[in-house]
file work-v6.pdb (PDB, N, CA and C atoms and all ligand atoms)
ATOM      1  N   MET U   1      30.043 127.598  47.631
ATOM      2  CA  MET U   1      31.336 128.224  47.401
ATOM      3  C   MET U   1      32.386 127.161  47.060
ATOM      4  N   ARG U   2      32.322 126.043  47.827
ATOM      5  CA  ARG U   2      33.258 124.954  47.570
ATOM      6  C   ARG U   2      33.044 124.393  46.168
ATOM      7  N   ARG U   3      31.786 124.220  45.815
ATOM      8  CA  ARG U   3      31.446 123.703  44.492
ATOM      9  C   ARG U   3      31.997 124.609  43.406
ATOM     10  N   PHE U   4      31.890 125.895  43.594
ATOM     11  CA  PHE U   4      32.401 126.859  42.622
ATOM     12  C   PHE U   4      33.915 126.737  42.488
ATOM     13  N   ALA U   5      34.622 126.723  43.619
ATOM     14  CA  ALA U   5      36.084 126.714  43.607
ATOM     15  C   ALA U   5      36.645 125.419  43.031
ATOM     16  N   THR U   6      36.126 124.283  43.476
ATOM     17  CA  THR U   6      36.686 123.013  43.020
ATOM     18  C   THR U   6      36.370 122.742  41.550
ATOM     19  N   SER U   7      35.247 123.215  41.086
ATOM     20  CA  SER U   7      34.867 122.937  39.695
ATOM     21  C   SER U   7      35.747 123.674  38.692
ATOM     22  N   LEU U   8      36.424 124.710  39.150
ATOM     23  CA  LEU U   8      37.284 125.463  38.240
ATOM     24  C   LEU U   8      38.482 124.651  37.776
ATOM     25  N   ILE U   9      39.016 123.798  38.662
ATOM     26  CA  ILE U   9      40.262 123.103  38.319
ATOM     27  C   ILE U   9      40.183 121.579  38.397
ATOM     28  N   LEU U  10      39.256 121.045  39.181
ATOM     29  CA  LEU U  10      39.233 119.595  39.372
ATOM     30  C   LEU U  10      38.270 118.921  38.396
ATOM     31  N   PRO U  11      38.619 117.677  37.975
ATOM     32  CA  PRO U  11      37.779 116.960  37.011
ATOM     33  C   PRO U  11      36.583 116.292  37.663
ATOM     34  N   ILE U  12      35.662 115.840  36.842
ATOM     35  CA  ILE U  12      34.521 115.054  37.314
ATOM     36  C   ILE U  12      35.027 113.675  37.730
ATOM     37  N   ASP U  13      34.542 113.178  38.854
ATOM     38  CA  ASP U  13      34.901 111.842  39.336
ATOM     39  C   ASP U  13      34.602 110.818  38.235
ATOM     40  N   PRO U  14      35.605 110.008  37.829
ATOM     41  CA  PRO U  14      35.374 109.032  36.761
ATOM     42  C   PRO U  14      34.360 107.949  37.136
ATOM     43  N   ASN U  15      34.011 107.831  38.413
ATOM     44  CA  ASN U  15      33.004 106.850  38.845
ATOM     45  C   ASN U  15      31.582 107.358  38.666
ATOM     46  N   ARG U  16      31.427 108.572  38.170
ATOM     47  CA  ARG U  16      30.070 109.110  37.975
ATOM     48  C   ARG U  16      29.436 108.485  36.744
ATOM     49  N   THR U  17      28.203 108.046  36.908
ATOM     50  CA  THR U  17      27.428 107.512  35.789
ATOM     51  C   THR U  17      26.035 108.146  35.821
ATOM     52  N   GLY U  18      25.256 107.855  34.800
ATOM     53  CA  GLY U  18      23.897 108.371  34.746
ATOM     54  C   GLY U  18      23.797 109.618  33.895
ATOM     55  N   GLU U  19      22.669 110.277  33.998
ATOM     56  CA  GLU U  19      22.452 111.484  33.212
ATOM     57  C   GLU U  19      21.496 112.413  33.948
ATOM     58  N   CYS U  20      21.514 113.644  33.531
ATOM     59  CA  CYS U  20      20.649 114.645  34.154
ATOM     60  C   CYS U  20      19.188 114.354  33.807
ATOM     61  N   LEU U  21      18.330 114.450  34.819
ATOM     62  CA  LEU U  21      16.899 114.207  34.626
ATOM     63  C   LEU U  21      16.114 115.505  34.446
ATOM     64  N   ARG U  22      16.856 116.613  34.420
ATOM     65  CA  ARG U  22      16.260 117.939  34.222
ATOM     66  C   ARG U  22      15.252 118.310  35.305
ATOM     67  N   CYS U  23      15.531 117.856  36.520
ATOM     68  CA  CYS U  23      14.606 118.198  37.611
ATOM     69  C   CYS U  23      14.776 119.642  38.054
ATOM     70  N   GLY U  24      15.948 120.223  37.790
ATOM     71  CA  GLY U  24      16.195 121.624  38.126
ATOM     72  C   GLY U  24      16.581 121.873  39.576
ATOM     73  N   ALA U  25      16.671 120.825  40.386
ATOM     74  CA  ALA U  25      16.955 121.019  41.815
ATOM     75  C   ALA U  25      18.284 121.729  42.057
ATOM     76  N   CYS U  26      19.304 121.369  41.291
ATOM     77  CA  CYS U  26      20.608 121.983  41.529
ATOM     78  C   CYS U  26      20.674 123.412  40.988
ATOM     79  N   CYS U  27      19.673 123.825  40.262
ATOM     80  CA  CYS U  27      19.636 125.190  39.719
ATOM     81  C   CYS U  27      18.835 126.116  40.619
ATOM     82  N   GLU U  28      18.327 125.567  41.718
ATOM     83  CA  GLU U  28      17.525 126.380  42.629
ATOM     84  C   GLU U  28      18.117 126.394  44.022
ATOM     85  N   PHE U  29      19.407 126.091  44.121
ATOM     86  CA  PHE U  29      20.077 126.063  45.410
ATOM     87  C   PHE U  29      20.410 127.501  45.831
ATOM     88  N   LEU U  30      20.034 127.881  47.000
ATOM     89  CA  LEU U  30      20.188 129.235  47.554
ATOM     90  C   LEU U  30      19.275 130.242  46.859
ATOM     91  N   PHE U  31      19.292 130.252  45.545
ATOM     92  CA  PHE U  31      18.369 131.108  44.798
ATOM     93  C   PHE U  31      18.067 130.422  43.474
ATOM     94  N   LYS U  32      16.951 130.803  42.875
ATOM     95  CA  LYS U  32      16.591 130.209  41.591
ATOM     96  C   LYS U  32      17.395 130.888  40.484
ATOM     97  N   CYS U  33      18.125 130.097  39.713
ATOM     98  CA  CYS U  33      18.950 130.657  38.643
ATOM     99  C   CYS U  33      18.057 131.373  37.623
ATOM    100  N   PRO U  34      18.415 132.591  37.242
ATOM    101  CA  PRO U  34      17.583 133.338  36.281
ATOM    102  C   PRO U  34      17.574 132.725  34.884
ATOM    103  N   PHE U  35      18.480 131.799  34.612
ATOM    104  CA  PHE U  35      18.528 131.163  33.293
ATOM    105  C   PHE U  35      17.702 129.872  33.230
ATOM    106  N   LEU U  36      17.133 129.483  34.369
ATOM    107  CA  LEU U  36      16.335 128.257  34.417
ATOM    108  C   LEU U  36      14.983 128.480  33.734
ATOM    109  N   ARG U  37      14.625 127.571  32.835
ATOM    110  CA  ARG U  37      13.357 127.662  32.099
ATOM    111  C   ARG U  37      12.648 126.316  32.149
ATOM    112  N   THR U  38      11.329 126.349  32.150
ATOM    113  CA  THR U  38      10.592 125.094  32.059
ATOM    114  C   THR U  38      10.516 124.692  30.585
ATOM    115  N   VAL U  39      10.450 123.392  30.344
ATOM    116  CA  VAL U  39      10.358 122.878  28.981
ATOM    117  C   VAL U  39       8.893 122.734  28.610
ATOM    118  N   ASP U  40       8.471 123.445  27.608
ATOM    119  CA  ASP U  40       7.088 123.401  27.131
ATOM    120  C   ASP U  40       6.077 123.628  28.252
ATOM    121  N   GLY U  41       6.440 124.465  29.198
ATOM    122  CA  GLY U  41       5.525 124.797  30.280
ATOM    123  C   GLY U  41       5.313 123.689  31.297
ATOM    124  N   GLN U  42       6.066 122.592  31.187
ATOM    125  CA  GLN U  42       5.912 121.490  32.134
ATOM    126  C   GLN U  42       6.622 121.855  33.440
ATOM    127  N   PRO U  43       5.932 121.755  34.574
ATOM    128  CA  PRO U  43       6.516 122.201  35.831
ATOM    129  C   PRO U  43       7.629 121.315  36.372
ATOM    130  N   ASP U  44       7.835 120.128  35.800
ATOM    131  CA  ASP U  44       8.857 119.220  36.334
ATOM    132  C   ASP U  44       9.976 118.916  35.337
ATOM    133  N   SER U  45      10.112 119.705  34.290
ATOM    134  CA  SER U  45      11.177 119.497  33.321
ATOM    135  C   SER U  45      11.780 120.853  32.951
ATOM    136  N   TYR U  46      13.079 120.984  33.191
ATOM    137  CA  TYR U  46      13.727 122.276  33.034
ATOM    138  C   TYR U  46      14.846 122.236  32.003
ATOM    139  N   SER U  47      15.178 123.416  31.515
ATOM    140  CA  SER U  47      16.335 123.571  30.649
ATOM    141  C   SER U  47      17.047 124.856  31.053
ATOM    142  N   CYS U  48      18.258 125.010  30.535
ATOM    143  CA  CYS U  48      19.066 126.192  30.847
ATOM    144  C   CYS U  48      19.117 127.079  29.608
ATOM    145  N   SER U  49      18.707 128.334  29.758
ATOM    146  CA  SER U  49      18.698 129.234  28.602
ATOM    147  C   SER U  49      20.094 129.757  28.281
ATOM    148  N   ALA U  50      21.080 129.431  29.114
ATOM    149  CA  ALA U  50      22.465 129.825  28.857
ATOM    150  C   ALA U  50      23.346 128.570  28.825
ATOM    151  N   TYR U  51      22.780 127.465  28.358
ATOM    152  CA  TYR U  51      23.443 126.162  28.444
ATOM    153  C   TYR U  51      24.863 126.164  27.879
ATOM    154  N   SER U  52      25.066 126.725  26.713
ATOM    155  CA  SER U  52      26.395 126.682  26.097
ATOM    156  C   SER U  52      27.398 127.587  26.822
ATOM    157  N   LEU U  53      26.903 128.510  27.630
ATOM    158  CA  LEU U  53      27.781 129.444  28.339
ATOM    159  C   LEU U  53      27.823 129.188  29.837
ATOM    160  N   ARG U  54      27.181 128.118  30.303
ATOM    161  CA  ARG U  54      27.068 127.879  31.742
ATOM    162  C   ARG U  54      28.447 127.717  32.378
ATOM    163  N   PRO U  55      28.594 128.152  33.629
ATOM    164  CA  PRO U  55      29.895 128.093  34.312
ATOM    165  C   PRO U  55      30.257 126.669  34.728
ATOM    166  N   PRO U  56      31.529 126.448  35.098
ATOM    167  CA  PRO U  56      31.993 125.100  35.453
ATOM    168  C   PRO U  56      31.194 124.428  36.558
ATOM    169  N   GLN U  57      30.748 125.177  37.567
ATOM    170  CA  GLN U  57      30.019 124.521  38.661
ATOM    171  C   GLN U  57      28.699 123.953  38.194
ATOM    172  N   CYS U  58      28.121 124.497  37.137
ATOM    173  CA  CYS U  58      26.896 123.938  36.558
ATOM    174  C   CYS U  58      27.257 122.812  35.592
ATOM    175  N   ARG U  59      28.269 123.056  34.805
ATOM    176  CA  ARG U  59      28.712 122.106  33.780
ATOM    177  C   ARG U  59      29.127 120.768  34.389
ATOM    178  N   LYS U  60      29.749 120.810  35.566
ATOM    179  CA  LYS U  60      30.298 119.600  36.174
ATOM    180  C   LYS U  60      29.436 119.011  37.278
ATOM    181  N   TYR U  61      28.335 119.633  37.659
ATOM    182  CA  TYR U  61      27.542 119.138  38.787
ATOM    183  C   TYR U  61      26.836 117.837  38.450
ATOM    184  N   PRO U  62      26.864 116.842  39.337
ATOM    185  CA  PRO U  62      27.660 116.739  40.546
ATOM    186  C   PRO U  62      29.054 116.218  40.222
ATOM    187  N   ARG U  63      30.073 116.976  40.566
ATOM    188  CA  ARG U  63      31.443 116.592  40.214
ATOM    189  C   ARG U  63      31.912 115.386  41.030
ATOM    190  N   THR U  64      31.539 115.326  42.302
ATOM    191  CA  THR U  64      31.882 114.202  43.167
ATOM    192  C   THR U  64      30.671 113.826  44.016
ATOM    193  N   ARG U  65      30.731 112.652  44.639
ATOM    194  CA  ARG U  65      29.642 112.230  45.529
ATOM    195  C   ARG U  65      29.492 113.226  46.693
ATOM    196  N   ALA U  66      30.627 113.696  47.219
ATOM    197  CA  ALA U  66      30.587 114.618  48.356
ATOM    198  C   ALA U  66      29.907 115.941  47.990
ATOM    199  N   GLU U  67      30.004 116.330  46.739
ATOM    200  CA  GLU U  67      29.406 117.592  46.316
ATOM    201  C   GLU U  67      27.968 117.419  45.823
ATOM    202  N   GLN U  68      27.481 116.175  45.785
ATOM    203  CA  GLN U  68      26.121 115.935  45.308
ATOM    204  C   GLN U  68      25.150 116.156  46.475
ATOM    205  N   ILE U  69      24.576 117.309  46.552
ATOM    206  CA  ILE U  69      23.699 117.645  47.677
ATOM    207  C   ILE U  69      22.232 117.620  47.302
ATOM    208  N   HIS U  70      21.919 117.375  46.039
ATOM    209  CA  HIS U  70      20.520 117.323  45.612
ATOM    210  C   HIS U  70      20.165 115.887  45.236
ATOM    211  N   LEU U  71      19.278 115.289  46.018
ATOM    212  CA  LEU U  71      18.829 113.922  45.735
ATOM    213  C   LEU U  71      17.313 113.874  45.805
ATOM    214  N   PRO U  72      16.647 113.108  44.951
ATOM    215  CA  PRO U  72      17.256 112.261  43.940
ATOM    216  C   PRO U  72      17.829 113.071  42.779
ATOM    217  N   CYS U  73      18.807 112.463  42.115
ATOM    218  CA  CYS U  73      19.478 113.067  40.971
ATOM    219  C   CYS U  73      19.732 111.939  39.979
ATOM    220  N   GLY U  74      19.790 112.265  38.699
ATOM    221  CA  GLY U  74      20.016 111.245  37.687
ATOM    222  C   GLY U  74      21.426 110.703  37.671
ATOM    223  N   TYR U  75      22.337 111.402  38.322
ATOM    224  CA  TYR U  75      23.724 110.936  38.379
ATOM    225  C   TYR U  75      23.943 110.135  39.656
ATOM    226  N   ARG U  76      24.843 109.165  39.593
ATOM    227  CA  ARG U  76      25.212 108.414  40.786
ATOM    228  C   ARG U  76      26.705 108.093  40.685
ATOM    229  N   PHE U  77      27.253 107.676  41.814
ATOM    230  CA  PHE U  77      28.677 107.373  41.881
ATOM    231  C   PHE U  77      28.858 105.919  42.277
ATOM    232  N   ASP U  78      29.505 105.166  41.430
ATOM    233  CA  ASP U  78      29.753 103.759  41.695
ATOM    234  C   ASP U  78      31.005 103.624  42.557
ATOM    235  N   GLY U  79      31.121 102.490  43.213
ATOM    236  CA  GLY U  79      32.285 102.246  44.044
ATOM    237  C   GLY U  79      32.054 102.693  45.471
ATOM    238  N   PRO U  80      33.044 102.431  46.342
ATOM    239  CA  PRO U  80      32.892 102.764  47.767
ATOM    240  C   PRO U  80      32.850 104.272  47.984
ATOM    241  N   PRO U  81      32.091 104.722  49.003
ATOM    242  CA  PRO U  81      32.004 106.160  49.272
ATOM    243  C   PRO U  81      33.300 106.742  49.794
TER     244      PRO U  81
HETATM  245  S1  LIG V   1      19.852 117.603  40.522
HETATM  246 FE1  LIG V   1      20.775 116.099  39.096
HETATM  247  S2  LIG V   1      19.069 115.416  37.778
HETATM  248 FE2  LIG V   1      18.412 117.333  38.788
HETATM  249  S3  LIG V   1      18.950 118.966  37.320
HETATM  250 FE3  LIG V   1      20.668 118.769  38.755
HETATM  251  S4  LIG V   1      22.083 117.323  37.741
HETATM  252 FE4  LIG V   1      20.094 117.125  36.719
END
call {"tool": "encode", "arguments": {"input": "work-v6.pdb", "output": "structure tokens"}}
result
Amino acid sequence: MRRFATSLILPIDPNRTGECLRCGACCEFLFKCPFLRTVDGQPDSYSCSAYSLRPPQCRKYPRTRAEQIHLPCGYRFDGPP
């Protein structure tokens, strides 16, 4: 809920670096997103079938270190916690 609310108005932490590894972990939190698809049938590589229309909480995840609850993740935050 917090992730949803903060992503509507707050920017991504400028200390975030890295890139998405398409593990799909953040798309299966609480429930598996119905738009989640495997890439070429590979069980460890995912894509979003609604990518261009995805909501801010997906678009910005992980917005901050505090909101990054799925590890390992391709994104990381430099600087002090
Ligand atoms: S947990 Fe990180 S690496 Fe995995 S799909 Fe989400 S953003 Fe990408």
call {"tool": "closest_residue", "arguments": {"input": "work-v6.pdb", "among": "U:Cys73, U:Ile12, U:Cys48, U:Cys33", "to": "Lys60 (chain U)", "atoms": "all atoms listed in the file"}}
result
U:Ile12
call {"tool": "atom_distance", "arguments": {"input": "work-v6.pdb", "atom1": "atom C of Phe31 (chain U)", "atom2": "CA of Phe4 (chain U)"}}
result
14.8 Å
call {"tool": "resolve_selection", "arguments": {"input": "work-v6.pdb", "expression": "the PyMOL selection byres (((chain U and resi 49) around 6.5) and not hetatm)", "output": "short mmCIF file (atom, residue, chain, number, x, y, z; two decimals) with N, CA and C atoms, keeping the file's coordinate frame"}}
result
data_model
loop_
_atom_site.label_atom_id
_atom_site.label_comp_id
_atom_site.auth_asym_id
_atom_site.auth_seq_id
_atom_site.Cartn_x
_atom_site.Cartn_y
_atom_site.Cartn_z
N PHE U 35 18.48 131.80 34.61
CA PHE U 35 18.53 131.16 33.29
C PHE U 35 17.70 129.87 33.23
N LEU U 36 17.13 129.48 34.37
CA LEU U 36 16.34 128.26 34.42
C LEU U 36 14.98 128.48 33.73
N ARG U 37 14.62 127.57 32.84
CA ARG U 37 13.36 127.66 32.10
C ARG U 37 12.65 126.32 32.15
N SER U 47 15.18 123.42 31.52
CA SER U 47 16.34 123.57 30.65
C SER U 47 17.05 124.86 31.05
N CYS U 48 18.26 125.01 30.54
CA CYS U 48 19.07 126.19 30.85
C CYS U 48 19.12 127.08 29.61
N ALA U 50 21.08 129.43 29.11
CA ALA U 50 22.46 129.82 28.86
C ALA U 50 23.35 128.57 28.82
N TYR U 51 22.78 127.46 28.36
CA TYR U 51 23.44 126.16 28.44
C TYR U 51 24.86 126.16 27.88
N SER U 52 25.07 126.72 26.71
CA SER U 52 26.40 126.68 26.10
C SER U 52 27.40 127.59 26.82
#
call {"tool": "closest_residue", "arguments": {"input": "work-v6.pdb", "among": "U:Thr64, U:His70, U:Pro43, U:Phe29", "to": "Arg16 (chain U)", "atoms": "all atoms listed in the file"}}
result
U:Thr64
call {"tool": "select_by_dssp", "arguments": {"input": "work-v6.pdb", "residues": "chain U", "states": "strand (DSSP E or B)", "output": "list in words"}}
result
Arg16, Thr17, Gly18, Leu36, Arg37, Thr38, Val39, Gln42, Pro43, Asp44, Ser45, Tyr46, Ser47, Cys48, Tyr75, Arg76 and Phe77 of chain U
call {"tool": "resolve_selection", "arguments": {"input": "work-v6.pdb", "expression": "the PyMOL selection byres (((not hetatm)) within 6.5 of (chain V and resi 1))", "output": "list in words"}}
result
Glu19, Cys20, Leu21, Arg22, Cys23, Gly24, Ala25, Cys26, Cys27, Tyr61, Pro62, His70, Leu71, Pro72, Cys73, Gly74 and Tyr75 of chain U
call {"tool": "select_by_dssp", "arguments": {"input": "work-v6.pdb", "residues": "chain U", "states": "helix (DSSP H, G or I)", "output": "MDAnalysis selection string"}}
result
chainID U and resid 2:9 25:27 51:53 56:59
call {"tool": "resolve_selection", "arguments": {"input": "work-v6.pdb", "expression": "the PyMOL selection byres (((chain U and resi 56) around 8) and not hetatm)", "output": "PDB file with N, CA and C atoms, in the coordinates of the input"}}
result
ATOM      1  N   ARG U   3      31.786 124.220  45.815  1.00  0.00           N
ATOM      2  CA  ARG U   3      31.446 123.703  44.492  1.00  0.00           C
ATOM      3  C   ARG U   3      31.997 124.609  43.406  1.00  0.00           C
ATOM      4  N   PHE U   4      31.890 125.895  43.594  1.00  0.00           N
ATOM      5  CA  PHE U   4      32.401 126.859  42.622  1.00  0.00           C
ATOM      6  C   PHE U   4      33.915 126.737  42.488  1.00  0.00           C
ATOM      7  N   THR U   6      36.126 124.283  43.476  1.00  0.00           N
ATOM      8  CA  THR U   6      36.686 123.013  43.020  1.00  0.00           C
ATOM      9  C   THR U   6      36.370 122.742  41.550  1.00  0.00           C
ATOM     10  N   SER U   7      35.247 123.215  41.086  1.00  0.00           N
ATOM     11  CA  SER U   7      34.867 122.937  39.695  1.00  0.00           C
ATOM     12  C   SER U   7      35.747 123.674  38.692  1.00  0.00           C
ATOM     13  N   LEU U   8      36.424 124.710  39.150  1.00  0.00           N
ATOM     14  CA  LEU U   8      37.284 125.463  38.240  1.00  0.00           C
ATOM     15  C   LEU U   8      38.482 124.651  37.776  1.00  0.00           C
ATOM     16  N   ILE U   9      39.016 123.798  38.662  1.00  0.00           N
ATOM     17  CA  ILE U   9      40.262 123.103  38.319  1.00  0.00           C
ATOM     18  C   ILE U   9      40.183 121.579  38.397  1.00  0.00           C
ATOM     19  N   LEU U  53      26.903 128.510  27.630  1.00  0.00           N
ATOM     20  CA  LEU U  53      27.781 129.444  28.339  1.00  0.00           C
ATOM     21  C   LEU U  53      27.823 129.188  29.837  1.00  0.00           C
ATOM     22  N   ARG U  54      27.181 128.118  30.303  1.00  0.00           N
ATOM     23  CA  ARG U  54      27.068 127.879  31.742  1.00  0.00           C
ATOM     24  C   ARG U  54      28.447 127.717  32.378  1.00  0.00           C
ATOM     25  N   PRO U  55      28.594 128.152  33.629  1.00  0.00           N
ATOM     26  CA  PRO U  55      29.895 128.093  34.312  1.00  0.00           C
ATOM     27  C   PRO U  55      30.257 126.669  34.728  1.00  0.00           C
ATOM     28  N   GLN U  57      30.748 125.177  37.567  1.00  0.00           N
ATOM     29  CA  GLN U  57      30.019 124.521  38.661  1.00  0.00           C
ATOM     30  C   GLN U  57      28.699 123.953  38.194  1.00  0.00           C
ATOM     31  N   CYS U  58      28.121 124.497  37.137  1.00  0.00           N
ATOM     32  CA  CYS U  58      26.896 123.938  36.558  1.00  0.00           C
ATOM     33  C   CYS U  58      27.257 122.812  35.592  1.00  0.00           C
ATOM     34  N   ARG U  59      28.269 123.056  34.805  1.00  0.00           N
ATOM     35  CA  ARG U  59      28.712 122.106  33.780  1.00  0.00           C
ATOM     36  C   ARG U  59      29.127 120.768  34.389  1.00  0.00           C
ATOM     37  N   LYS U  60      29.749 120.810  35.566  1.00  0.00           N
ATOM     38  CA  LYS U  60      30.298 119.600  36.174  1.00  0.00           C
ATOM     39  C   LYS U  60      29.436 119.011  37.278  1.00  0.00           C
ATOM     40  N   TYR U  61      28.335 119.633  37.659  1.00  0.00           N
ATOM     41  CA  TYR U  61      27.542 119.138  38.787  1.00  0.00           C
ATOM     42  C   TYR U  61      26.836 117.837  38.450  1.00  0.00           C
TER      43      TYR U  61
END
call {"tool": "closest_residue", "arguments": {"input": "work-v6.pdb", "among": "U:Thr38, U:Met1, U:Thr17, U:Pro11", "to": "Asp78 (chain U)", "atoms": "only N, CA and C atoms"}}
result
U:Thr17
call {"tool": "atom_distance", "arguments": {"input": "work-v6.pdb", "atom1": "atom N of Arg63 (chain U)", "atom2": "atom C of Leu30 (chain U)"}}
result
18.2 Å
call {"tool": "atom_distance", "arguments": {"input": "work-v6.pdb", "atom1": "atom N of Ile69 (chain U)", "atom2": "CA of Leu10 (chain U)"}}
result
16.5 Å
call {"tool": "decode", "arguments": {"input": "work-v6.pdb", "residues": "region 26-46 of chain U", "atoms": "N, CA, C and O atoms", "output": "mmCIF file, in the first residue's frame"}}
result
data_model
loop_
_atom_site.group_PDB
_atom_site.id
_atom_site.type_symbol
_atom_site.label_atom_id
_atom_site.label_comp_id
_atom_site.auth_asym_id
_atom_site.auth_seq_id
_atom_site.Cartn_x
_atom_site.Cartn_y
_atom_site.Cartn_z
ATOM 1 N N CYS U 26 9.222 -9.025 -7.912
ATOM 2 C CA CYS U 26 8.374 -7.928 -7.454
ATOM 3 C C CYS U 26 6.989 -7.968 -8.102
ATOM 4 O O CYS U 26 6.095 -7.231 -7.683
ATOM 5 N N CYS U 27 6.802 -8.826 -9.066
ATOM 6 C CA CYS U 27 5.499 -8.955 -9.731
ATOM 7 C C CYS U 27 4.680 -10.080 -9.121
ATOM 8 O O CYS U 27 3.567 -10.356 -9.569
ATOM 9 N N GLU U 28 5.248 -10.735 -8.113
ATOM 10 C CA GLU U 28 4.541 -11.846 -7.481
ATOM 11 C C GLU U 28 4.343 -11.604 -6.000
ATOM 12 O O GLU U 28 4.178 -12.532 -5.230
ATOM 13 N N PHE U 29 4.405 -10.341 -5.593
ATOM 14 C CA PHE U 29 4.241 -9.993 -4.192
ATOM 15 C C PHE U 29 2.745 -10.002 -3.848
ATOM 16 O O PHE U 29 1.954 -9.352 -4.510
ATOM 17 N N LEU U 30 2.372 -10.695 -2.831
ATOM 18 C CA LEU U 30 0.983 -10.893 -2.389
ATOM 19 C C LEU U 30 0.196 -11.768 -3.360
ATOM 20 O O LEU U 30 -0.480 -12.692 -2.961
ATOM 21 N N PHE U 31 0.258 -11.449 -4.633
ATOM 22 C CA PHE U 31 -0.377 -12.299 -5.642
ATOM 23 C C PHE U 31 0.426 -12.171 -6.928
ATOM 24 O O PHE U 31 1.145 -11.201 -7.128
ATOM 25 N N LYS U 32 0.284 -13.164 -7.791
ATOM 26 C CA LYS U 32 1.004 -13.116 -9.060
ATOM 27 C C LYS U 32 0.257 -12.197 -10.023
ATOM 28 O O LYS U 32 -0.930 -12.408 -10.292
ATOM 29 N N CYS U 33 0.947 -11.191 -10.537
ATOM 30 C CA CYS U 33 0.311 -10.240 -11.449
ATOM 31 C C CYS U 33 -0.176 -10.976 -12.703
ATOM 32 O O CYS U 33 0.575 -11.744 -13.309
ATOM 33 N N PRO U 34 -1.415 -10.739 -13.111
ATOM 34 C CA PRO U 34 -1.946 -11.434 -14.298
ATOM 35 C C PRO U 34 -1.263 -11.020 -15.598
ATOM 36 O O PRO U 34 -1.424 -11.700 -16.614
ATOM 37 N N PHE U 35 -0.500 -9.939 -15.575
ATOM 38 C CA PHE U 35 0.192 -9.485 -16.785
ATOM 39 C C PHE U 35 1.610 -10.055 -16.903
ATOM 40 O O PHE U 35 2.297 -9.807 -17.889
ATOM 41 N N LEU U 36 2.029 -10.803 -15.884
ATOM 42 C CA LEU U 36 3.373 -11.383 -15.895
ATOM 43 C C LEU U 36 3.434 -12.558 -16.876
ATOM 44 O O LEU U 36 2.588 -13.448 -16.853
ATOM 45 N N ARG U 37 4.441 -12.546 -17.741
ATOM 46 C CA ARG U 37 4.619 -13.606 -18.742
ATOM 47 C C ARG U 37 6.065 -14.082 -18.720
ATOM 48 O O ARG U 37 6.972 -13.296 -18.461
ATOM 49 N N THR U 38 6.267 -15.353 -19.011
ATOM 50 C CA THR U 38 7.637 -15.837 -19.140
ATOM 51 C C THR U 38 8.129 -15.504 -20.550
ATOM 52 O O THR U 38 7.336 -15.412 -21.487
ATOM 53 N N VAL U 39 9.430 -15.303 -20.674
ATOM 54 C CA VAL U 39 10.029 -14.992 -21.969
ATOM 55 C C VAL U 39 10.453 -16.289 -22.636
ATOM 56 O O VAL U 39 11.262 -17.044 -22.088
ATOM 57 N N ASP U 40 9.886 -16.574 -23.769
ATOM 58 C CA ASP U 40 10.202 -17.784 -24.531
ATOM 59 C C ASP U 40 10.096 -19.050 -23.686
ATOM 60 O O ASP U 40 10.892 -19.985 -23.846
ATOM 61 N N GLY U 41 9.155 -19.056 -22.768
ATOM 62 C CA GLY U 41 8.931 -20.238 -21.948
ATOM 63 C C GLY U 41 10.000 -20.500 -20.902
ATOM 64 O O GLY U 41 9.968 -21.532 -20.233
ATOM 65 N N GLN U 42 10.950 -19.576 -20.739
ATOM 66 C CA GLN U 42 12.006 -19.766 -19.748
ATOM 67 C C GLN U 42 11.447 -19.447 -18.359
ATOM 68 O O GLN U 42 10.889 -18.369 -18.152
ATOM 69 N N PRO U 43 11.604 -20.356 -17.400
ATOM 70 C CA PRO U 43 10.991 -20.159 -16.093
ATOM 71 C C PRO U 43 11.632 -19.075 -15.240
ATOM 72 O O PRO U 43 11.090 -18.698 -14.212
ATOM 73 N N ASP U 44 12.794 -18.554 -15.636
ATOM 74 C CA ASP U 44 13.475 -17.552 -14.808
ATOM 75 C C ASP U 44 13.630 -16.198 -15.502
ATOM 76 O O ASP U 44 14.431 -15.375 -15.096
ATOM 77 N N SER U 45 12.890 -15.951 -16.564
ATOM 78 C CA SER U 45 12.959 -14.671 -17.252
ATOM 79 C C SER U 45 11.540 -14.225 -17.609
ATOM 80 O O SER U 45 10.820 -14.935 -18.308
ATOM 81 N N TYR U 46 11.167 -13.055 -17.104
ATOM 82 C CA TYR U 46 9.791 -12.604 -17.238
ATOM 83 C C TYR U 46 9.690 -11.284 -17.990
ATOM 84 O O TYR U 46 10.644 -10.519 -18.067
#
